[in-house]
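Source file: upload_15.txt. Holds: compact mmCIF, C-alpha atoms and all ligand atoms.
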```
# COMPACT_ATOMS: atom_id res chain seq x y z
CA MET R 860 47.39 35.53 -39.51
CA GLN R 861 49.12 36.90 -36.48
CA GLN R 862 47.10 40.09 -36.74
CA GLN R 863 43.90 38.17 -37.24
CA LEU R 864 44.51 36.22 -34.02
CA ALA R 865 45.36 39.40 -32.07
CA SER R 866 42.16 41.08 -33.21
CA ILE R 867 40.08 37.99 -32.25
CA VAL R 868 41.52 38.05 -28.72
CA ASP R 869 41.03 41.81 -28.49
CA ALA R 870 37.43 41.59 -29.69
CA ALA R 871 36.75 38.75 -27.23
CA ARG R 872 38.20 40.79 -24.38
CA GLN R 873 35.95 43.75 -25.21
CA ASP R 874 32.96 41.49 -25.77
CA SER R 875 33.41 39.81 -22.39
CA VAL R 876 32.87 43.04 -20.46
CA ALA R 877 29.15 42.94 -21.20
CA VAL R 878 28.74 39.33 -19.93
CA THR R 879 26.87 39.10 -16.61
CA THR R 880 24.74 35.94 -16.72
CA ARG R 881 25.52 32.27 -17.29
CA ALA R 882 23.53 32.31 -20.57
CA GLU R 883 25.49 35.30 -21.84
CA MET R 884 28.70 33.54 -20.91
CA GLU R 885 27.68 30.42 -22.88
CA ALA R 886 26.82 32.56 -25.92
CA PHE R 887 30.16 34.35 -25.68
CA LYS R 888 31.98 31.02 -25.45
CA ALA R 889 30.14 29.78 -28.58
CA ARG R 890 31.07 32.94 -30.50
CA VAL R 891 34.77 32.34 -29.91
CA VAL R 892 35.45 28.63 -29.47
CA GLY R 893 32.14 27.05 -30.54
CA PRO R 894 31.96 24.99 -33.82
CA ASN R 895 31.52 28.25 -35.76
CA GLY R 896 33.51 30.44 -33.36
CA SER R 897 36.00 33.02 -34.56
CA LEU R 898 38.98 31.16 -33.14
CA THR R 899 37.71 27.82 -34.47
CA GLN R 900 37.60 29.31 -37.97
CA VAL R 901 41.27 30.18 -37.78
CA MET R 902 42.11 26.68 -36.54
CA LYS R 903 40.27 25.21 -39.52
CA GLY R 904 42.49 27.24 -41.84
CA LEU R 905 45.64 25.68 -40.34
CA GLY R 906 45.61 22.79 -42.85
CA ALA R 907 45.95 25.15 -45.80
CA LEU R 908 49.25 26.55 -44.55
CA SER R 909 52.69 25.42 -45.66
CA LYS R 910 54.88 23.09 -43.56
CA GLU R 911 57.07 26.01 -42.50
CA GLU R 912 54.23 28.28 -41.50
CA ARG R 913 52.25 25.67 -39.57
CA PRO R 914 54.36 25.41 -36.33
CA VAL R 915 54.69 29.21 -36.10
CA VAL R 916 50.97 29.84 -36.47
CA GLY R 917 50.21 26.79 -34.24
CA ARG R 918 52.18 28.35 -31.42
CA LEU R 919 50.37 31.69 -31.84
CA LEU R 920 47.07 29.83 -31.94
CA ASN R 921 47.84 28.01 -28.65
CA GLU R 922 48.70 31.32 -27.02
CA ALA R 923 45.41 32.84 -28.21
CA LYS R 924 43.53 29.77 -26.93
CA ARG R 925 45.17 30.08 -23.49
CA GLU R 926 44.18 33.75 -23.29
CA ILE R 927 40.60 32.91 -24.20
CA GLU R 928 40.53 30.13 -21.54
CA GLU R 929 41.74 32.59 -18.90
CA LEU R 930 39.06 34.99 -19.99
CA LEU R 931 36.42 32.27 -19.69
CA ALA R 932 37.62 31.23 -16.20
CA ALA R 933 37.39 34.84 -14.99
CA LEU R 934 33.91 35.13 -16.48
CA LEU R 935 32.77 31.92 -14.74
CA ALA R 936 33.96 33.24 -11.36
CA LYS R 937 32.18 36.55 -11.99
CA VAL R 938 28.94 34.80 -12.99
CA GLU R 939 29.03 32.44 -9.97
CA ASP R 940 29.59 35.34 -7.56
CA ALA R 941 26.62 37.12 -9.09
CA GLU R 942 24.50 33.96 -8.74
CA ILE R 943 25.39 33.51 -5.03
CA ALA R 944 24.71 37.18 -4.33
CA ASP R 945 21.40 36.78 -6.07
CA ALA R 946 20.48 33.69 -4.00
CA LEU R 947 21.35 35.41 -0.73
CA GLY R 948 19.79 38.73 -1.66
CA ALA R 949 22.22 41.52 -2.21
CA PRO R 950 24.23 43.03 -0.71
CA THR R 951 26.21 39.98 0.42
CA ASP R 952 27.68 39.98 3.91
CA PRO R 953 30.07 36.99 4.03
CA SER R 954 30.24 37.22 7.84
CA LEU R 955 26.56 36.28 8.19
CA PRO R 956 25.88 32.76 9.56
CA SER R 957 24.60 30.16 7.13
CA PRO R 958 20.81 30.12 7.15
CA GLU R 959 20.92 26.31 7.18
CA VAL R 960 22.57 25.82 10.62
CA PRO R 961 20.08 23.91 12.81
CA ALA R 962 19.68 25.56 16.20
CA GLY R 963 19.34 23.48 19.37
CA SER R 964 17.20 24.39 22.35
CA ALA R 965 17.01 23.74 26.08
CA HIS R 966 15.82 20.24 27.02
CA PRO R 967 12.23 20.12 28.34
CA LEU R 968 13.55 18.91 31.72
CA SER R 969 15.94 21.88 31.93
CA ARG R 970 13.12 24.24 31.04
CA THR R 971 10.85 22.73 33.68
CA ARG R 972 13.63 22.92 36.26
CA GLU R 973 14.25 26.60 35.48
CA ARG R 974 10.55 27.34 35.73
CA ILE R 975 10.29 25.60 39.12
CA LEU R 976 13.44 27.27 40.48
CA ALA R 977 12.18 30.67 39.27
CA SER R 978 9.01 30.36 41.33
CA PHE R 979 10.91 29.33 44.48
CA ARG R 980 13.43 32.10 43.87
CA LYS R 981 10.58 34.58 44.29
CA LEU R 982 10.20 33.27 47.86
CA GLY R 983 13.90 33.79 48.54
CA LEU R 984 15.04 30.19 48.15
CA THR R 985 18.53 29.88 46.70
CA VAL R 986 19.94 26.89 44.82
CA ALA R 987 22.13 24.40 46.71
CA GLU R 988 23.91 21.44 45.16
CA GLY R 989 25.63 18.29 46.37
CA PRO R 990 27.45 15.25 44.99
CA GLU R 991 25.65 12.54 43.03
CA VAL R 992 27.92 9.94 44.61
CA GLU R 993 26.90 10.09 48.25
CA THR R 994 27.70 8.36 51.51
CA GLU R 995 25.14 6.13 53.15
CA TRP R 996 25.22 8.46 56.15
CA HIS R 997 24.25 11.58 54.18
CA CYS R 998 21.66 9.71 52.14
CA PHE R 999 19.99 7.70 54.93
CA ASP R 1000 21.37 7.79 58.51
CA ALA R 1001 21.27 11.56 58.92
CA LEU R 1002 17.73 11.52 57.55
CA ASN R 1003 16.60 9.21 60.35
CA THR R 1004 16.32 6.32 57.93
CA PRO R 1005 17.40 3.22 59.87
CA ALA R 1006 19.69 0.53 58.52
CA ASP R 1007 16.81 -1.88 57.96
CA HIS R 1008 14.71 0.63 56.02
CA PRO R 1009 13.63 -0.72 52.60
CA ALA R 1010 15.06 2.39 50.85
CA ARG R 1011 18.53 0.95 51.54
CA ASP R 1012 17.70 -2.35 49.95
CA MET R 1013 20.05 -3.64 47.24
CA GLN R 1014 16.87 -3.90 45.14
CA ASP R 1015 16.47 -0.16 44.68
CA THR R 1016 19.78 1.41 45.63
CA LEU R 1017 22.95 1.48 43.55
CA TYR R 1018 25.96 0.94 45.84
CA LEU R 1019 29.50 1.51 44.64
CA PRO R 1020 32.55 -0.66 45.38
CA ALA R 1021 34.60 0.14 48.47
CA ALA R 1022 37.27 1.83 46.33
CA PHE R 1023 34.91 4.78 45.88
CA ARG R 1024 34.64 5.56 49.59
CA SER R 1025 35.26 9.22 50.07
CA ALA R 1026 37.19 11.08 52.71
CA ASP R 1027 34.09 12.37 54.47
CA ALA R 1028 32.43 8.96 54.50
CA PRO R 1029 33.73 7.34 57.66
CA ARG R 1030 30.96 8.04 60.10
CA LYS R 1031 30.13 5.16 62.34
CA GLY R 1032 28.48 2.24 60.57
CA ALA R 1033 27.59 4.17 57.44
CA GLU R 1034 30.65 4.13 55.24
CA SER R 1035 29.16 2.68 52.09
CA VAL R 1036 29.05 4.88 49.04
CA LEU R 1037 26.11 4.94 46.66
CA LEU R 1038 24.45 6.91 43.90
CA ARG R 1039 22.09 9.18 45.81
CA THR R 1040 18.48 7.99 45.80
CA HIS R 1041 17.11 11.49 46.48
CA THR R 1042 18.42 15.04 46.78
CA SER R 1043 17.54 15.12 50.50
CA SER R 1044 21.25 14.49 51.07
CA VAL R 1045 21.84 18.09 49.94
CA GLN R 1046 19.59 19.21 52.80
CA VAL R 1047 21.81 17.31 55.24
CA ARG R 1048 24.95 18.87 53.78
CA THR R 1049 23.38 22.34 53.95
CA MET R 1050 22.35 21.96 57.59
CA LEU R 1051 25.86 20.78 58.45
CA SER R 1052 27.61 23.60 56.62
CA ARG R 1053 25.41 26.68 57.04
CA LYS R 1054 24.10 28.68 59.93
CA PRO R 1055 20.32 29.02 60.06
CA PRO R 1056 18.05 30.66 59.17
CA PHE R 1057 18.25 29.67 55.47
CA ARG R 1058 15.99 28.56 52.64
CA ILE R 1059 17.32 26.41 49.84
CA VAL R 1060 16.10 24.50 46.88
CA ALA R 1061 18.17 21.54 45.65
CA PRO R 1062 17.70 20.37 42.06
CA GLY R 1063 19.60 17.30 40.92
CA ARG R 1064 19.95 13.89 39.41
CA CYS R 1065 18.98 10.82 41.45
CA PHE R 1066 19.35 7.09 40.90
CA ARG R 1067 17.36 4.01 41.83
CA ARG R 1068 17.44 0.46 40.60
CA ASP R 1069 13.97 0.78 39.11
CA ALA R 1070 12.86 -1.39 36.22
CA VAL R 1071 12.39 1.05 33.34
CA ASP R 1072 8.81 1.55 32.11
CA ALA R 1073 6.57 4.47 31.06
CA THR R 1074 6.74 6.08 34.51
CA HIS R 1075 10.02 4.75 35.98
CA SER R 1076 13.63 5.43 35.11
CA ALA R 1077 16.78 4.37 36.96
CA ASN R 1078 18.01 7.91 36.49
CA PHE R 1079 15.62 10.76 37.28
CA HIS R 1080 15.63 14.27 38.73
CA GLN R 1081 14.29 15.81 41.91
CA VAL R 1082 13.85 19.29 43.25
CA GLU R 1083 13.85 19.44 47.04
CA GLY R 1084 13.29 22.39 49.31
CA LEU R 1085 14.39 23.11 52.86
CA TRP R 1086 13.48 26.14 54.94
CA ILE R 1087 15.01 26.38 58.41
CA ASP R 1088 14.05 29.16 60.78
CA ARG R 1089 12.54 29.77 64.19
CA GLN R 1090 8.93 28.61 64.53
CA VAL R 1091 8.33 27.29 61.05
CA THR R 1092 4.78 25.90 60.95
CA LEU R 1093 2.47 23.89 58.73
CA ALA R 1094 0.91 27.17 57.62
CA ASP R 1095 4.32 28.13 56.16
CA LEU R 1096 4.55 24.79 54.37
CA ARG R 1097 1.09 25.19 52.89
CA GLY R 1098 1.80 28.78 51.88
CA VAL R 1099 5.07 27.91 50.12
CA LEU R 1100 3.58 24.97 48.22
CA ASP R 1101 0.42 26.83 47.27
CA PHE R 1102 2.51 29.69 45.88
CA PHE R 1103 4.70 27.27 43.91
CA VAL R 1104 1.72 25.45 42.41
CA LYS R 1105 -0.06 28.65 41.35
CA GLU R 1106 3.16 29.99 39.79
CA THR R 1107 3.77 26.77 37.87
CA PHE R 1108 0.27 25.61 36.93
CA GLY R 1109 -1.67 28.88 36.95
CA PRO R 1110 -3.80 30.79 39.48
CA ASP R 1111 -6.62 28.24 39.34
CA ALA R 1112 -4.45 25.38 40.63
CA GLU R 1113 -5.18 24.09 44.15
CA ILE R 1114 -3.31 21.86 46.57
CA ARG R 1115 -4.32 19.26 49.13
CA LEU R 1116 -2.11 17.76 51.85
CA ARG R 1117 -2.75 14.09 52.72
CA PRO R 1118 -1.13 12.57 55.82
CA SER R 1119 1.73 10.25 54.93
CA PHE R 1120 5.04 9.05 56.34
CA PHE R 1121 8.69 9.88 55.72
CA PRO R 1122 11.40 9.06 58.25
CA PHE R 1123 12.78 12.61 58.03
CA THR R 1124 9.60 14.67 58.44
CA GLU R 1125 7.03 14.77 61.23
CA PRO R 1126 4.24 15.28 60.41
CA SER R 1127 4.55 14.12 56.78
CA PHE R 1128 2.25 14.61 53.82
CA GLU R 1129 1.73 13.79 50.21
CA MET R 1130 0.79 16.91 48.32
CA ASP R 1131 -1.85 16.59 45.62
CA LEU R 1132 -2.49 19.10 42.88
CA ARG R 1133 -5.71 19.88 41.03
CA SER R 1134 -5.91 22.23 38.07
CA PRO R 1135 -8.44 22.96 35.32
CA ASN R 1136 -5.63 23.42 32.74
CA LEU R 1137 -4.11 19.96 32.52
CA GLY R 1138 -5.77 18.47 29.42
CA ARG R 1139 -7.34 15.11 30.12
CA LEU R 1140 -6.06 15.23 33.71
CA SER R 1141 -7.92 18.48 34.45
CA GLY R 1142 -9.94 18.50 37.64
CA ARG R 1143 -8.34 15.33 39.02
CA TRP R 1144 -6.26 15.25 42.21
CA LEU R 1145 -2.71 14.27 41.21
CA GLU R 1146 -0.02 13.31 43.71
CA ILE R 1147 3.11 15.34 42.93
CA MET R 1148 5.30 15.58 46.00
CA GLY R 1149 6.22 14.53 49.50
CA CYS R 1150 6.59 17.13 52.22
CA GLY R 1151 6.42 17.83 55.94
CA LEU R 1152 8.06 19.54 58.87
CA VAL R 1153 11.64 18.47 59.47
CA ASP R 1154 11.79 15.74 62.12
CA PRO R 1155 13.53 17.10 65.28
CA LYS R 1156 15.74 14.02 65.22
CA VAL R 1157 17.08 15.03 61.80
CA LEU R 1158 17.82 18.57 63.05
CA GLU R 1159 19.72 17.04 65.96
CA LEU R 1160 21.69 14.62 63.74
CA CYS R 1161 22.67 17.59 61.57
CA GLY R 1162 23.83 19.67 64.52
CA LEU R 1163 20.84 22.02 64.92
CA ASP R 1164 19.07 22.47 68.28
CA PRO R 1165 15.42 21.42 67.74
CA LYS R 1166 14.35 23.63 70.65
CA VAL R 1167 15.51 26.68 68.68
CA TRP R 1168 15.20 25.64 65.04
CA SER R 1169 12.40 24.16 63.02
CA GLY R 1170 11.93 23.62 59.30
CA LEU R 1171 9.82 22.61 56.40
CA ALA R 1172 10.92 20.29 53.61
CA PHE R 1173 9.49 19.05 50.37
CA GLY R 1174 10.61 17.03 47.38
CA LEU R 1175 9.21 16.56 43.91
CA GLY R 1176 10.12 14.66 40.75
CA LEU R 1177 11.05 16.90 37.85
CA GLU R 1178 10.00 14.36 35.20
CA ARG R 1179 6.53 14.03 36.73
CA ILE R 1180 5.98 17.81 36.65
CA ALA R 1181 7.28 18.11 33.07
CA MET R 1182 5.00 15.23 32.00
CA LEU R 1183 1.98 16.94 33.57
CA VAL R 1184 2.76 20.39 32.18
CA HIS R 1185 3.34 19.13 28.63
CA GLY R 1186 1.01 16.12 28.53
CA ILE R 1187 3.88 13.66 27.96
CA ASP R 1188 2.85 10.03 28.46
CA ASP R 1189 6.18 8.21 28.68
CA ILE R 1190 9.21 9.16 30.82
CA ARG R 1191 11.55 7.44 28.34
CA HIS R 1192 10.98 10.23 25.78
CA PHE R 1193 13.14 12.52 27.94
CA TYR R 1194 16.24 10.37 27.51
CA ALA R 1195 15.81 9.01 23.96
CA ASN R 1196 17.44 12.09 22.42
CA ASP R 1197 15.00 12.06 19.51
CA ALA R 1198 15.06 15.47 17.83
CA ARG R 1199 11.42 15.06 16.71
CA PHE R 1200 10.37 14.94 20.38
CA LEU R 1201 12.76 17.65 21.58
CA ARG R 1202 11.87 20.06 18.77
CA GLN R 1203 8.32 20.35 20.11
CA PHE R 1204 9.64 22.29 23.10
CA ALA R 1205 11.98 24.59 21.18
N1 LIG W 1301 13.03 12.59 49.63
C1 LIG W 1301 11.66 12.17 49.44
C2 LIG W 1301 11.61 11.21 48.27
O1 LIG W 1301 12.60 11.04 47.61
C3 LIG W 1301 10.73 13.34 49.17
C4 LIG W 1301 10.59 14.24 50.36
C5 LIG W 1301 11.43 15.29 50.52
C6 LIG W 1301 9.60 14.04 51.28
C7 LIG W 1301 11.30 16.14 51.62
C8 LIG W 1301 9.44 14.87 52.37
C9 LIG W 1301 10.28 15.91 52.52
O2 LIG W 1301 10.61 10.59 48.00
```
Starting from the file, give its structure as structure tokens.
Ligand code: PHE
Amino acid sequence: MQQQLASIVDAARQDSVAVTTRAEMEAFKARVVGPNGSLTQVMKGLGALSKEERPVVGRLLNEAKREIEELLAALLAKVEDAEIADALGAPTDPSLPSPEVPAGSAHPLSRTRERILASFRKLGLTVAEGPEVETEWHCFDALNTPADHPARDMQDTLYLPAAFRSADAPRKGAESVLLRTHTSSVQVRTMLSRKPPFRIVAPGRCFRRDAVDATHSANFHQVEGLWIDRQVTLADLRGVLDFFVKETFGPDAEIRLRPSFFPFTEPSFEMDLRSPNLGRLSGRWLEIMGCGLVDPKVLELCGLDPKVWSGLAFGLGLERIAMLVHGIDDIRHFYANDARFLRQFA
């Protein structure tokens, strides 16, 4: 009996070498421990043994069973490895990333911003940044925007409690701190801190107490430009904006300057864009930014001599440009964080 068991285990061990698939493993298992398996046959014969023999053979039988179980576990591991290798396509490189990892992509607003900055970079404008929490002086006073100007109204400006007043706030009568309503405050900070000539472009987040609808958001983004040099003229302004528009919307895009008013530019304009590649908006004049020559009073307030220095300035809304470029009809899509929307720009 002992010999019989040893030869069953030996035969199984030899037999197992040829097993490579799950089906072969099942067949092997049936041959040994199935209802008619070689080991099962021996177990069936246990009843015919004498009382004395039974515990001895039982112990040998358990040992043989354990060896067969070990053999089966090793076979299962071997078969599973082969199956995984097969699914991945051999040879397997376990250091490869899982093919299922979903990849993110840049947000459409970030992409639009990079595209806009890239075109201004070609004209030598470098990026300048400033704080989102701004003093009333940097946001309004220095930009020749008087205390009774509607832009300061509690209706559309988000003021912060006095505790937020910053160290560089206390300039006469303009100590309040607020969430900046435009990135023009970066222009003020640049004029105060750098020696002209310089050309900057200031991208950033802005805040207004706007009621949210398809075209308004309390949180939005601007890109503003400032170019300070000797004898900057309207021809320079037109040239810069025309270049930007052709870079961003294609060589067929045109611009038009319409007289307007801003407290910080004189003269001031609204710039309209017309392009044949804008879907259903093709061929229509679309207002996309404010611009003008820097008001001499602003230069003076920011410590530059208006008899020596002059400048051009412009400001546009990032969301508006991204909506035009991609044909997006609702500003709220940008902030909803819906992967189905975002994936379209990946
Ligand atoms: N700051 C203006 C706005 O927020 C835009 C602007 C910038 C206009 C520079 C003229 C010059 O609407």
Point to revise | 7 Å shell around ligand LIG 1301 (chain W) using only C-alpha atoms and all ligand atoms, listed as JSON, numbers by chain | key: {"R": [1040, 1041, 1042, 1043, 1083, 1084, 1121, 1123, 1124, 1127, 1148, 1149, 1150, 1151, 1172, 1173, 1174, 1175]}
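Proximity of R:Pro1118, R:Gly1109, R:Pro894, R:Pro1155 to Trp1168 in chain R, computed with all atoms listed in the file, is greatest for R:Pro1155.
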Exercise for review: Find the residues around range 907-918 of chain R up to 12 Å (only C-alpha atoms counted), leave out those fewer than 5 positions away in its own chain, and share them as a list in words.
Suggested key: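 Residues meeting the cut-off are Met860, Gln861, Gln862, Gln863, Leu864, Ala865, Val901, Met902, Ala923, Lys924 and Arg925 of chain R.
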Practice item. Mind giving me the straight-line distance from CA of Ala1061 in chain R to CA of Leu984 in chain R in Å, one decimal? Key: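 Distance reported for this atom pair: 9.5 Å.
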Point to revise | Selection near Ala1073 in chain R, 9 Å with only C-alpha atoms, sequence-local residues under 5 positions removed, as a count of residues only | key: 5
Review point. Out of R:Ala962, R:Val1060, R:Leu1183, R:Val1104, which residue has the shortest atom-to-atom distance to Glu988 in chain R when counting all atoms listed in the file?
Key: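 Of R:Ala962, R:Val1060, R:Leu1183, R:Val1104, the one nearest Glu988 in chain R is R:Val1060, counting all atoms listed in the file.
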Padding 6 Å on each side, edges along x, y and z: where is the centre of the box around the listed atoms of range 881-892 of chain R, and how long are its edges in Å to one decimal? Output it as lines of an AutoDock Vina configuration file.
```
center_x = 29.5
center_y = 32.0
center_z = -23.9
size_x = 23.9
size_y = 18.7
size_z = 25.2
```
Point to revise | d(CA of Ser1076 in chain R, CA of Val1045 in chain R) in Å | key: 21.2 Å
